[in-house]
Amino acid sequence: MDFVYKFPVVRGIQARREYYIAMIPLRMLGRLFPNEEEFVLPEYRAQRKLNEARIPVISKYITENQDTYVFSALAASIDGEFKFIPSANGSDVGILEISMDAKFLINDGQHRKAAIIDALNEDPSLGTETISIVLYEDNGLSRSQQIFTDLNKHAVKTSNSISELYDSRDEVAVLARSIVSSVPFFNEYTDKEKDNLGKYSSNLFTLNTFYRAIKKTISGRVLDDTLVSFLFDYWKHVSEHIIPWNELTKKEISKVDLRENYIVTQGVVIQALGQVGACFYKNPTLNMAMLLKNLEKIDWKRNASIWKARVIRSDGKILTSNKAIGLTAIQIKKELGIPLDSDETEKERKFAESISF
């Protein structure tokens, strides 16, 4: 057997089978793992088809965070001859020698691999860095397909909220965390891990809801000190003037009552408030502190006629579309006494026509 690849590895045992963990220089990934399987029918592949749109996103993550990027191990099968040579008798540390005729098949991590190769094209200096690869013996296509299934079937995508809680690169996520923490009511009732809350949850909002609402206010603007200061001020005023929230704080109503009978815990409403915030920022001549006091006059009950078809469907369920967010923001502006712009006036006209039939 001719050998060409020699990798220092650590040997392990899973399901009575040996496997090996190696550190591979990034520059070798393209040579070890060609993309031949991309053009094979699904039933004859051991991987999903590569999603090309994901590659530049991951590649950009690498090149823009060269001092902090992190990748988990790739998993691959060796289709061909190999042997493990321990560094000492009985040692699980040694050299894995692999035949030059062997093929390597990625079982998990194809998008990471493709993105790394893309990043290397932009910055070849990354080639000396390494990634860990867990190497299994290939026992045929069915075994490789099963490895892929087993590695992926129990994977759970992290919630947006917890991603935004931990993300220190996304300045909007950092800001959302700070705003929520600075407003006592939000801080007490915002779940920072989940994206969906149960009927009897101890929380009323999710961090992701505020993240999305703040993005509505920012609306593509540069997040400078002036805008950041405005956002803190805006959400502080909002929290002070929504009566059902104040009633909960005073224990005049329960969380269940607030959640079931009012709309002010719904993501669509929080995002609509974010959109209203954009109006205040765009029009600094508006007296925000004075106008936001009118939030106290709004009937936030689910059965209030002003919300029908706008945010409440005919069956009583909540509408969550961007259209619903926009129409809710329009109604809030009307209730606050803020003039609508031409685009909002046209949307409101069409809405009025749609419900008149």
# chains A, B, ... in the order shown; residues from 1 in each chain; ligands from 1
call {"tool": "residues_around", "arguments": {"residues": "Ile325 of chain A", "least_positions_apart": "5", "cutoff": "7 Å", "atoms": "only C-alpha atoms", "output": "list in words"}}
result
Val268, Val269, Gln271, Ala272 and Thr320 of chain A
call {"tool": "residues_around", "arguments": {"residues": "Ser159 of chain A", "least_positions_apart": "6", "cutoff": "10 Å", "atoms": "only C-alpha atoms", "output": "NGL selection string"}}
result
:A and (165 or 192-196 or 208)
call {"tool": "atom_distance", "arguments": {"atom1": "atom CA of Gly109 of chain A", "atom2": "atom CA of Leu50 of chain A"}}
result
10.3 Å
call {"tool": "select_by_dssp", "arguments": {"residues": "segment 6-236 of chain A", "states": "alpha helix (DSSP H)", "output": "PyMOL selection string"}}
result
chain A and resi 29-32+54-64+110-122+141-153+160-166+171-182+184-189+207-218+225-236
call {"tool": "select_by_dssp", "arguments": {"residues": "segment 100-263 of chain A", "states": "strand (DSSP E)", "output": "list of chain:residue names"}}
result
A:Lys103, A:Phe104, A:Leu105, A:Ile106, A:Asn107, A:Asp108, A:Thr130, A:Ile131, A:Ser132, A:Ile133, A:Val134, A:Leu135, A:Tyr136, A:Glu137, A:Thr190, A:Asp191, A:Phe205, A:Thr206
call {"tool": "write_last_selection", "arguments": {"atoms": "C-alpha atoms", "output": "mmCIF file, in the first residue's frame"}}
result
data_model
loop_
_atom_site.group_PDB
_atom_site.id
_atom_site.type_symbol
_atom_site.label_atom_id
_atom_site.label_comp_id
_atom_site.auth_asym_id
_atom_site.auth_seq_id
_atom_site.Cartn_x
_atom_site.Cartn_y
_atom_site.Cartn_z
ATOM 1 C CA LYS A 103 -11.189 9.144 -1.146
ATOM 2 C CA PHE A 104 -12.464 11.416 1.597
ATOM 3 C CA LEU A 105 -16.165 12.053 1.949
ATOM 4 C CA ILE A 106 -17.580 14.793 4.170
ATOM 5 C CA ASN A 107 -20.438 13.572 6.339
ATOM 6 C CA ASP A 108 -20.988 16.863 8.137
ATOM 7 C CA THR A 130 -6.181 24.292 11.053
ATOM 8 C CA ILE A 131 -9.566 22.706 11.564
ATOM 9 C CA SER A 132 -10.300 19.480 13.391
ATOM 10 C CA ILE A 133 -11.720 16.596 11.383
ATOM 11 C CA VAL A 134 -13.288 13.468 12.829
ATOM 12 C CA LEU A 135 -12.402 10.603 10.485
ATOM 13 C CA TYR A 136 -14.459 7.417 10.229
ATOM 14 C CA GLU A 137 -13.865 4.316 8.144
ATOM 15 C CA THR A 190 -38.512 39.459 28.400
ATOM 16 C CA ASP A 191 -37.376 35.912 27.684
ATOM 17 C CA PHE A 205 -41.886 39.273 25.264
ATOM 18 C CA THR A 206 -38.853 37.732 23.583
#
call {"tool": "residues_around", "arguments": {"residues": "Ala278 of chain A", "least_positions_apart": "6", "cutoff": "12 Å", "atoms": "only C-alpha atoms", "output": "list in words"}}
result
Ala213, Ile214, Lys215, Lys216, Thr217, Ile218, Ser219, Gly220, Arg221, Leu227, Phe230, Leu231, Tyr234, Trp235, Gln271, Ala272, Pro284, Leu286, Met288, Ala329 and Lys333 of chain A
call {"tool": "residues_around", "arguments": {"residues": "Ile306 of chain A", "least_positions_apart": "2", "cutoff": "12 Å", "atoms": "only C-alpha atoms", "output": "PyMOL selection string"}}
result
chain A and resi 263+298-304+308-312+327-332+334-335+352+355
call {"tool": "atom_distance", "arguments": {"atom1": "atom CA of Phe280 of chain A", "atom2": "atom CA of Ser182 of chain A"}}
result
20.4 Å
